[in-house]
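Next up, input.cif (mmCIF, C-alpha atoms and all ligand atoms):
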data_entry
loop_
_atom_site.label_atom_id
_atom_site.label_comp_id
_atom_site.auth_asym_id
_atom_site.auth_seq_id
_atom_site.Cartn_x
_atom_site.Cartn_y
_atom_site.Cartn_z
CA MET A 1 49.04 9.97 -17.07
CA THR A 2 46.32 9.21 -19.65
CA ARG A 3 45.13 12.21 -21.58
CA ARG A 4 41.86 12.55 -23.47
CA LEU A 5 40.75 14.98 -26.12
CA LEU A 6 38.07 17.65 -25.70
CA ALA A 7 37.02 19.01 -29.09
CA HIS A 8 37.10 22.79 -29.59
CA ARG A 9 33.32 22.92 -29.96
CA HIS A 10 32.91 21.28 -26.52
CA LEU A 11 34.93 23.80 -24.49
CA GLN A 12 31.67 25.43 -23.40
CA ARG A 13 30.69 22.04 -21.91
CA LEU A 14 33.64 22.39 -19.52
CA HIS A 15 32.29 25.79 -18.48
CA GLN A 16 28.81 24.33 -18.02
CA ALA A 17 30.13 21.41 -15.92
CA LEU A 18 31.92 23.85 -13.61
CA VAL A 19 28.79 25.99 -13.23
CA GLN A 20 26.62 22.92 -12.58
CA ALA A 21 29.10 21.84 -9.88
CA GLY A 22 28.38 25.15 -8.15
CA PHE A 23 31.47 27.12 -9.17
CA GLU A 24 31.71 30.75 -10.20
CA VAL A 25 34.01 30.53 -13.22
CA ILE A 26 36.92 32.98 -13.49
CA GLY A 27 38.88 33.17 -16.73
CA PRO A 28 41.22 35.31 -18.82
CA GLN A 29 39.72 38.13 -20.87
CA VAL A 30 40.90 41.19 -22.76
CA LYS A 31 40.27 44.19 -20.52
CA ASP A 32 42.04 47.56 -20.48
CA ASP A 33 44.41 46.38 -23.25
CA ALA A 34 45.71 43.50 -21.13
CA ILE A 35 44.78 39.90 -20.25
CA LEU A 36 42.97 39.97 -16.92
CA PHE A 37 41.21 37.27 -14.91
CA ALA A 38 37.53 38.12 -14.39
CA PRO A 39 34.16 36.33 -14.02
CA LEU A 40 33.60 34.29 -17.17
CA ASN A 41 29.98 33.77 -18.25
CA SER A 42 30.80 32.12 -21.55
CA ILE A 43 33.87 30.80 -23.32
CA ASP A 44 33.17 33.45 -25.99
CA GLN A 45 34.72 35.93 -23.54
CA LEU A 46 38.09 34.13 -23.63
CA PRO A 47 40.88 36.01 -25.46
CA TRP A 48 40.49 34.13 -28.76
CA GLY A 49 43.38 34.97 -31.08
CA TRP A 50 45.07 37.36 -28.63
CA GLN A 51 48.65 37.17 -27.46
CA GLU A 52 50.96 39.65 -25.80
CA GLN A 53 54.22 41.12 -27.02
CA ALA A 54 56.12 41.70 -23.79
CA ASP A 55 59.53 43.18 -23.23
CA ALA A 56 61.26 45.17 -20.50
CA GLY A 57 58.87 48.03 -19.74
CA ALA A 58 56.47 47.00 -22.52
CA TYR A 59 53.27 44.97 -22.85
CA ARG A 60 51.10 45.12 -25.97
CA LEU A 61 48.30 42.82 -27.11
CA GLN A 62 48.13 41.65 -30.71
CA HIS A 63 45.19 39.95 -32.37
CA ASP A 64 45.33 37.25 -35.02
CA ALA A 65 41.83 37.03 -36.53
CA GLY A 66 42.64 33.64 -38.09
CA SER A 67 43.68 32.03 -34.80
CA ARG A 68 41.44 29.52 -33.02
CA ARG A 69 43.48 29.71 -29.83
CA ALA A 70 42.16 31.08 -26.55
CA PHE A 71 45.40 30.55 -24.61
CA ALA A 72 48.09 31.81 -27.00
CA TRP A 73 49.07 34.52 -24.50
CA ASN A 74 51.36 33.87 -21.51
CA THR A 75 50.64 36.30 -18.70
CA GLY A 76 48.73 39.42 -17.82
CA PRO A 77 49.58 41.85 -15.03
CA GLN A 78 48.03 39.55 -12.42
CA GLY A 79 47.57 35.83 -12.00
CA LEU A 80 45.80 34.29 -9.03
CA LYS A 81 47.24 36.47 -6.27
CA PRO A 82 44.42 39.06 -5.92
CA TRP A 83 41.80 36.29 -5.70
CA LEU A 84 43.40 34.72 -2.61
CA PHE A 85 45.53 37.43 -1.02
CA LYS A 86 43.23 40.38 -1.55
CA PRO A 87 44.71 43.87 -2.15
CA GLN A 88 42.51 45.09 0.70
CA GLN A 89 40.99 43.01 3.49
CA THR A 90 39.14 44.24 6.58
CA LEU A 91 40.37 42.19 9.56
CA TRP A 92 38.07 43.40 12.34
CA ARG A 93 35.74 46.26 13.24
CA ALA A 94 35.13 48.20 16.46
CA ASP A 95 32.16 50.30 17.63
CA ASN A 96 32.60 53.10 20.16
CA THR A 97 29.40 52.68 22.20
CA ASP A 98 28.12 54.28 25.40
CA GLN A 99 29.09 51.04 27.13
CA GLY A 100 32.65 51.21 25.77
CA LEU A 101 34.47 49.71 22.81
CA HIS A 102 32.80 46.74 21.19
CA PHE A 103 34.98 44.63 18.86
CA ARG A 104 33.53 42.56 16.04
CA ALA A 105 35.32 39.81 14.13
CA VAL A 106 35.13 39.82 10.33
CA GLU A 107 34.38 36.33 9.07
CA PRO A 108 35.89 35.13 5.77
CA GLN A 109 33.35 35.03 2.94
CA PRO A 110 34.97 32.75 0.36
CA ARG A 111 33.53 32.28 -3.11
CA ARG A 112 33.44 28.86 -4.75
CA LEU A 113 35.80 29.71 -7.61
CA ALA A 114 36.96 27.69 -10.62
CA VAL A 115 39.82 29.49 -12.35
CA ILE A 116 40.59 28.61 -15.97
CA GLY A 117 43.86 29.45 -17.72
CA LEU A 118 46.52 29.51 -14.97
CA ARG A 119 50.03 28.52 -16.07
CA GLY A 120 52.85 26.47 -14.57
CA CYS A 121 54.45 29.62 -13.14
CA ASP A 122 51.12 30.62 -11.54
CA LEU A 123 50.80 27.23 -9.84
CA ALA A 124 54.40 27.38 -8.59
CA ALA A 125 53.64 30.84 -7.17
CA LEU A 126 50.49 29.45 -5.55
CA ALA A 127 52.54 26.72 -3.84
CA ILE A 128 54.87 29.41 -2.45
CA GLN A 129 51.96 31.54 -1.25
CA ASP A 130 50.38 28.45 0.35
CA ARG A 131 53.55 27.91 2.38
CA HIS A 132 53.57 31.52 3.52
CA PHE A 133 49.87 31.92 4.31
CA LEU A 134 48.92 28.41 5.48
CA GLU A 135 51.91 26.99 7.35
CA GLY A 136 53.07 27.78 10.87
CA PRO A 137 51.26 29.23 13.87
CA TYR A 138 49.95 32.34 12.06
CA ALA A 139 47.96 30.95 9.14
CA ASP A 140 45.80 33.55 7.41
CA PRO A 141 42.11 32.60 7.89
CA PHE A 142 40.94 34.65 4.88
CA TYR A 143 43.46 33.07 2.52
CA ARG A 144 42.75 29.59 3.91
CA ALA A 145 38.98 29.90 3.52
CA GLN A 146 39.27 31.02 -0.13
CA ARG A 147 41.99 28.47 -0.91
CA GLN A 148 39.71 25.63 0.20
CA GLN A 149 37.05 26.78 -2.28
CA LEU A 150 39.37 26.92 -5.29
CA LEU A 151 39.35 24.62 -8.32
CA ILE A 152 42.05 25.10 -10.96
CA VAL A 153 41.91 24.37 -14.68
CA ALA A 154 45.49 25.05 -15.77
CA VAL A 155 46.84 25.39 -19.31
CA ASN A 156 50.30 24.47 -20.59
CA CYS A 157 52.07 27.24 -22.49
CA GLY A 158 52.45 26.71 -26.25
CA ARG A 159 54.78 29.71 -26.62
CA SER A 160 56.87 31.99 -24.41
CA ALA A 161 56.92 35.77 -24.26
CA SER A 162 60.36 37.33 -24.47
CA THR A 163 60.14 38.10 -20.73
CA CYS A 164 59.53 34.43 -19.72
CA PHE A 165 62.21 32.32 -18.02
CA CYS A 166 60.22 29.66 -16.13
CA VAL A 167 62.43 26.91 -17.60
CA SER A 168 65.37 28.36 -15.63
CA THR A 169 63.38 28.35 -12.38
CA GLY A 170 61.94 24.86 -13.05
CA ASP A 171 58.33 26.08 -12.99
CA GLY A 172 57.18 25.80 -16.63
CA PRO A 173 56.19 25.94 -19.39
CA GLU A 174 54.22 22.85 -18.40
CA ALA A 175 52.21 22.75 -15.15
CA ARG A 176 53.46 19.84 -13.05
CA SER A 177 51.21 19.84 -9.98
CA GLY A 178 48.58 21.82 -8.15
CA PHE A 179 45.88 21.64 -10.83
CA ASP A 180 42.53 19.84 -10.85
CA LEU A 181 42.46 19.73 -14.66
CA LEU A 182 45.18 20.58 -17.15
CA LEU A 183 44.74 21.49 -20.82
CA ASP A 184 47.13 21.49 -23.77
CA GLU A 185 45.66 23.65 -26.53
CA LEU A 186 45.99 21.98 -29.95
CA ASP A 187 44.85 23.02 -33.40
CA ASN A 188 41.77 20.78 -33.19
CA GLY A 189 40.96 20.62 -29.48
CA TYR A 190 42.34 20.30 -25.98
CA LEU A 191 44.30 17.45 -24.46
CA LEU A 192 42.88 17.07 -20.98
CA GLN A 193 44.73 15.66 -17.98
CA ILE A 194 43.12 15.00 -14.59
CA GLY A 195 44.95 16.11 -11.44
CA SER A 196 42.47 15.46 -8.63
CA GLU A 197 39.24 13.69 -7.70
CA ARG A 198 37.35 16.97 -8.09
CA GLY A 199 38.86 17.32 -11.53
CA ALA A 200 37.87 13.75 -12.38
CA ALA A 201 34.27 14.50 -11.38
CA ILE A 202 34.20 17.48 -13.78
CA ALA A 203 35.88 15.47 -16.56
CA ALA A 204 33.25 12.75 -16.19
CA GLN A 205 30.66 15.28 -17.43
CA LEU A 206 32.55 15.96 -20.68
CA PRO A 207 32.32 14.30 -24.12
CA LEU A 208 35.97 13.23 -24.17
CA GLN A 209 37.52 11.30 -27.03
CA HIS A 210 40.57 9.12 -27.38
CA ALA A 211 43.71 11.23 -27.93
CA SER A 212 45.88 9.96 -30.77
CA GLY A 213 49.66 9.60 -30.62
CA ALA A 214 49.93 12.44 -33.13
CA GLN A 215 47.92 14.75 -30.85
CA VAL A 216 50.12 13.91 -27.85
CA SER A 217 53.18 14.59 -30.02
CA GLU A 218 51.69 17.92 -31.11
CA ALA A 219 51.30 18.96 -27.46
CA LYS A 220 54.92 18.01 -26.76
CA ALA A 221 56.08 19.99 -29.80
CA TRP A 222 54.27 23.14 -28.58
CA LEU A 223 55.94 22.78 -25.16
CA ALA A 224 59.36 22.23 -26.73
CA GLY A 225 58.88 25.37 -28.82
CA ALA A 226 57.94 27.36 -25.71
CA ARG A 227 61.07 26.13 -23.91
CA GLN A 228 63.34 27.14 -26.78
CA GLN A 229 61.94 30.69 -26.88
CA GLN A 230 63.05 31.47 -23.32
CA ARG A 231 65.88 33.53 -21.92
CA VAL A 232 68.11 32.15 -19.15
CA MET A 233 68.22 33.20 -15.51
CA PRO A 234 71.29 32.19 -13.43
CA SER A 235 70.73 29.01 -11.39
CA GLU A 236 69.66 29.05 -7.73
CA ALA A 237 73.20 28.02 -6.73
CA GLU A 238 74.54 31.07 -8.55
CA LEU A 239 71.83 33.41 -7.25
CA VAL A 240 72.75 32.59 -3.64
CA GLN A 241 76.01 34.42 -4.33
CA LEU A 242 74.09 37.71 -4.55
CA VAL A 243 74.55 37.99 -0.77
CA GLU A 244 78.26 38.44 -1.48
CA ARG A 245 77.54 41.39 -3.80
CA LEU A 246 75.97 43.80 -1.31
CA ASP A 247 78.52 46.53 -2.03
CA HIS A 248 78.41 46.17 -5.80
CA PRO A 249 78.22 49.51 -7.69
CA ARG A 250 75.37 48.09 -9.79
CA TRP A 251 72.92 48.73 -6.94
CA GLN A 252 73.51 52.48 -7.24
CA GLN A 253 73.18 52.35 -11.04
CA VAL A 254 69.81 50.63 -10.85
CA ALA A 255 68.68 52.94 -8.03
CA GLU A 256 69.24 55.93 -10.30
CA ARG A 257 66.61 54.49 -12.68
CA CYS A 258 64.19 52.92 -10.18
CA LEU A 259 61.16 55.05 -9.24
CA ALA A 260 60.33 52.95 -6.13
CA CYS A 261 56.82 52.72 -7.55
CA GLY A 262 56.27 49.14 -6.34
CA ASN A 263 54.81 47.92 -9.66
CA CYS A 264 57.19 44.97 -9.63
CA THR A 265 56.01 43.77 -6.22
CA SER A 266 52.33 44.36 -7.08
CA VAL A 267 52.46 42.17 -10.18
CA CYS A 268 54.78 39.54 -8.68
CA PRO A 269 52.67 36.45 -7.90
CA THR A 270 54.88 35.46 -4.95
CA CYS A 271 55.23 38.83 -3.16
CA PHE A 272 53.20 38.82 0.04
CA CYS A 273 54.14 41.94 2.02
CA SER A 274 51.26 43.75 3.66
CA LYS A 275 50.60 46.55 6.12
CA GLN A 276 47.73 47.25 8.49
CA GLU A 277 45.94 50.57 8.84
CA SER A 278 43.19 51.76 11.17
CA GLU A 279 40.33 53.75 9.71
CA SER A 280 37.42 55.37 11.49
CA ASP A 281 34.34 57.32 10.56
CA ILE A 282 34.42 61.09 10.96
CA ARG A 283 32.55 60.97 14.30
CA GLY A 284 34.86 58.36 15.74
CA ARG A 285 31.98 55.93 16.40
CA GLN A 286 33.18 53.09 14.18
CA ALA A 287 36.62 51.89 13.19
CA GLU A 288 38.10 49.04 11.25
CA GLN A 289 41.50 47.45 10.88
CA VAL A 290 42.39 47.00 7.21
CA GLN A 291 45.17 44.93 5.71
CA ARG A 292 46.54 46.23 2.38
CA TRP A 293 49.26 45.10 0.00
CA ASP A 294 52.53 46.79 0.77
CA SER A 295 55.88 46.81 -0.99
CA CYS A 296 59.48 46.69 0.18
CA PHE A 297 59.94 49.61 -2.23
CA SER A 298 57.86 51.90 -0.03
CA GLU A 299 59.88 53.95 2.43
CA GLN A 300 57.52 53.25 5.32
CA HIS A 301 57.78 49.49 4.88
CA SER A 302 61.15 49.55 6.65
CA TYR A 303 60.04 51.90 9.44
CA ILE A 304 61.09 50.21 12.68
CA THR A 305 61.02 51.83 16.13
CA GLY A 306 61.19 55.39 14.89
CA LYS A 307 63.58 54.90 11.99
CA VAL A 308 63.33 54.10 8.29
CA VAL A 309 65.92 51.37 7.88
CA ARG A 310 66.06 51.45 4.07
CA ALA A 311 65.86 55.17 3.29
CA ASP A 312 67.67 54.87 -0.07
CA ILE A 313 66.16 53.31 -3.17
CA ARG A 314 69.48 51.51 -3.59
CA HIS A 315 68.83 49.64 -0.34
CA ARG A 316 65.20 48.92 -1.20
CA TYR A 317 65.98 47.52 -4.64
CA ARG A 318 68.80 45.44 -3.13
CA GLN A 319 66.49 44.16 -0.41
CA TRP A 320 63.94 43.05 -3.01
CA LEU A 321 66.34 41.34 -5.38
CA VAL A 322 68.54 39.67 -2.75
CA HIS A 323 65.54 38.44 -0.77
CA LYS A 324 63.57 37.26 -3.82
CA LEU A 325 66.45 35.42 -5.47
CA ALA A 326 68.89 34.48 -2.70
CA THR A 327 67.84 34.60 0.97
CA TRP A 328 64.35 33.32 0.06
CA GLN A 329 66.12 30.02 -0.63
CA GLN A 330 67.12 29.75 3.05
CA GLN A 331 63.60 30.67 4.15
CA PHE A 332 61.55 28.52 1.78
CA GLY A 333 64.00 26.06 0.22
CA ARG A 334 63.73 27.67 -3.21
CA SER A 335 64.02 31.04 -4.92
CA GLY A 336 61.01 33.33 -4.66
CA CYS A 337 60.95 33.79 -8.42
CA VAL A 338 58.89 31.53 -10.70
CA GLY A 339 60.10 33.11 -13.94
CA CYS A 340 56.82 34.70 -15.03
CA GLY A 341 58.55 37.91 -16.18
CA ARG A 342 55.74 40.19 -14.96
CA CYS A 343 58.05 42.50 -12.99
CA ILE A 344 60.09 43.04 -16.15
CA ALA A 345 57.18 43.91 -18.44
CA TRP A 346 55.38 46.13 -15.92
CA CYS A 347 58.39 48.13 -14.69
CA PRO A 348 57.80 51.64 -16.08
CA VAL A 349 61.53 52.23 -16.56
CA ALA A 350 62.31 48.78 -18.02
CA ILE A 351 64.44 47.45 -15.18
CA ASP A 352 64.96 43.76 -15.93
CA LEU A 353 65.73 41.52 -12.95
CA VAL A 354 67.34 38.83 -15.14
CA GLU A 355 69.67 41.43 -16.61
CA GLU A 356 70.39 42.80 -13.13
CA ALA A 357 71.09 39.35 -11.66
CA GLN A 358 73.35 38.48 -14.59
CA ALA A 359 75.25 41.76 -14.25
CA LEU A 360 75.67 41.41 -10.49
CA LEU A 361 76.97 37.87 -10.84
CA ALA A 362 79.10 38.46 -13.92
CA ASP A 363 81.87 40.14 -11.97
CA LYS A 364 84.15 38.23 -9.72
CA PRO A 365 83.33 38.66 -5.99
CA LEU A 366 84.42 42.08 -4.78
CA ALA A 367 86.88 40.50 -2.33
CA ASP A 368 88.69 38.89 -5.27
CA LYS A 369 88.68 42.20 -7.12
CA SER A 370 90.26 44.03 -4.21
CA GLN A 371 92.96 41.34 -4.03
CA GLU A 372 93.59 41.91 -7.73
CA ASP A 373 93.89 45.63 -7.05
CA GLU A 374 96.30 44.99 -4.20
CA HIS A 375 98.43 42.86 -6.44
CA GLY A 376 98.30 45.41 -9.21
S1 LIG B 1 60.32 38.28 -9.43
FE1 LIG B 1 59.42 38.92 -11.42
S2 LIG B 1 59.71 37.16 -12.79
FE2 LIG B 1 60.01 36.42 -10.69
S3 LIG B 1 58.00 35.65 -10.02
FE3 LIG B 1 58.10 37.81 -9.37
S4 LIG B 1 57.19 38.97 -11.08
FE4 LIG B 1 57.64 36.91 -11.86
S1 LIG B 2 62.14 48.19 -10.27
FE1 LIG B 2 60.69 49.20 -11.70
S2 LIG B 2 58.64 48.48 -11.07
FE2 LIG B 2 60.06 48.04 -9.37
S3 LIG B 2 59.91 49.82 -8.00
FE3 LIG B 2 61.63 50.24 -9.42
S4 LIG B 2 60.71 51.39 -11.14
FE4 LIG B 2 59.00 50.45 -10.01
#
Full structure transcribed into structure tokens:
Amino acid sequence: MTRRLLAHRHLQRLHQALVQAGFEVIGPQVKDDAILFAPLNSIDQLPWGWQEQADAGAYRLQHDAGSRRAFAWNTGPQGLKPWLFKPQQTLWRADNTDQGLHFRAVEPQPRRLAVIGLRGCDLAALAIQDRHFLEGPYADPFYRAQRQQLLIVAVNCGRSASTCFCVSTGDGPEARSGFDLLLDELDNGYLLQIGSERGAAIAAQLPLQHASGAQVSEAKAWLAGARQQQRVMPSEAELVQLVERLDHPRWQQVAERCLACGNCTSVCPTCFCSKQESESDIRGRQAEQVQRWDSCFSEQHSYITGKVVRADIRHRYRQWLVHKLATWQQQFGRSGCVGCGRCIAWCPVAIDLVEEAQALLADKPLADKSQEDEHG
């Protein structure tokens, strides 16, 4: 696909074109010592010169005052998930009137959002969330309404954090689909690729130049460097074998460290578990049904007909890992992991799912082991 060059000094023109097209622009910014997506009034708010140093249980921002890069970082604690699948969503309301209960629907109120700075892993996660929330007989009307109002300006990654493994999952470091516009950040500008008619309409407003062969090569070199910096997750074919490791002693070892805090599921861009709660005012005149993010690490998440099915953390961690990496493949045709590494960086006790998957798969199947034992 033909790519054109947008000079550094014209990046604000992209912002202006999005605003003129009626979008509220959302972009990455440094907030609370992390990269967060928030309303972006000017490209000056982008995280110029910032990148993260991430590791298991660690996330620190570092600033390079000499850098002219706004997208040198890889991930923050959240990508797109909270903008589409909200942490809290009122589903309906009820009034207790003298004439009886009166139920009121809550209509979706989508915002016309243009999100700048999403990565290949974020778009792969979006495709998974689209399948969950939009397909089948129970599509989510709130998700659908916001999804229809979304324009995406994605960015290819020019480096990888030490927690990244999107090459192993096939989801990065380049964004392959799902974007309206795609940028490669170069030393002297941005290579711009168009992914949709809406993207083409925005691009038509920009002072684009011819991109030279050297600039295209520079973009490829950044991507190649990002690929080489990554760690390796076992393949999907190997991960399926986790279902044969349900009695592995490693589950107990990890359970002794895991706090069941749910951080990993909160930051994971593909996790979609939720719960519903009823709330009412103190006089009992008004009530509402609220949907909130939930986690398979919470004890109550497995409460079924009077019993908590997964009372032990060992069972909850196993449920998360085996579902995410193995049985998800039967459900959705692919693993539920896009290799973003967020759950690794934001786990307070540095549990690393790549390390856990490797350890669980490193041993021979337990059946083989027992045969070895039998045969001395
Ligand atoms: S399981 Fe971890 S690495 Fe995989 S998509 Fe979720 S947060 Fe990212
Ligand atoms: S694996 Fe880490 S982030 Fe996830 S629930 Fe356990 S302690 Fe929390």
Protein and nucleic acid residues within 10 Å of ligand LIG 1 (chain B) (all atoms listed in the file) as a PyMOL selection string: chain A and resi 75+77-78+121-122+124-125+163-166+169+233+263-271+320-321+324-325+335-347+352-354
Residues within 7 Å of Gln291 of chain A, please, as a list in words. Count all atoms listed in the file; anything in the same chain fewer than 2 positions from it doesn't count. Gln88, Gln89, Thr90, Leu91, Ser274, Lys275, Gln276, Glu277 and Gln289 of chain A
Saved selection, atoms kept: C-alpha atoms, as a JSON list (two decimals), in the coordinates of the input:
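Full text of selection.json as output:
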[["chain", "number", "residue", "atom", "x", "y", "z"],
["A", 88, "GLN", "CA", 42.51, 45.09, 0.70],
["A", 89, "GLN", "CA", 40.99, 43.01, 3.49],
["A", 90, "THR", "CA", 39.14, 44.24, 6.58],
["A", 91, "LEU", "CA", 40.37, 42.19, 9.56],
["A", 274, "SER", "CA", 51.26, 43.75, 3.66],
["A", 275, "LYS", "CA", 50.60, 46.55, 6.12],
["A", 276, "GLN", "CA", 47.73, 47.25, 8.49],
["A", 277, "GLU", "CA", 45.94, 50.57, 8.84],
["A", 289, "GLN", "CA", 41.50, 47.45, 10.88]]
Counting all atoms listed in the file, what residues are within 6 Å of ligand LIG 2 (chain B), given as a PyMOL selection string? chain A and resi 258-264+297+347-349+351
Separation of atom CA of Val155 of chain A from atom CA of Leu182 of chain A in Å: 5.5 Å
Centre, x/y/z edge lengths, axis-aligned box for segment 21-36 of chain A with 5 Å per side, as JSON:
{"center_x": 37.0, "center_y": 34.7, "center_z": -15.7, "size_x": 27.3, "size_y": 35.7, "size_z": 25.1}
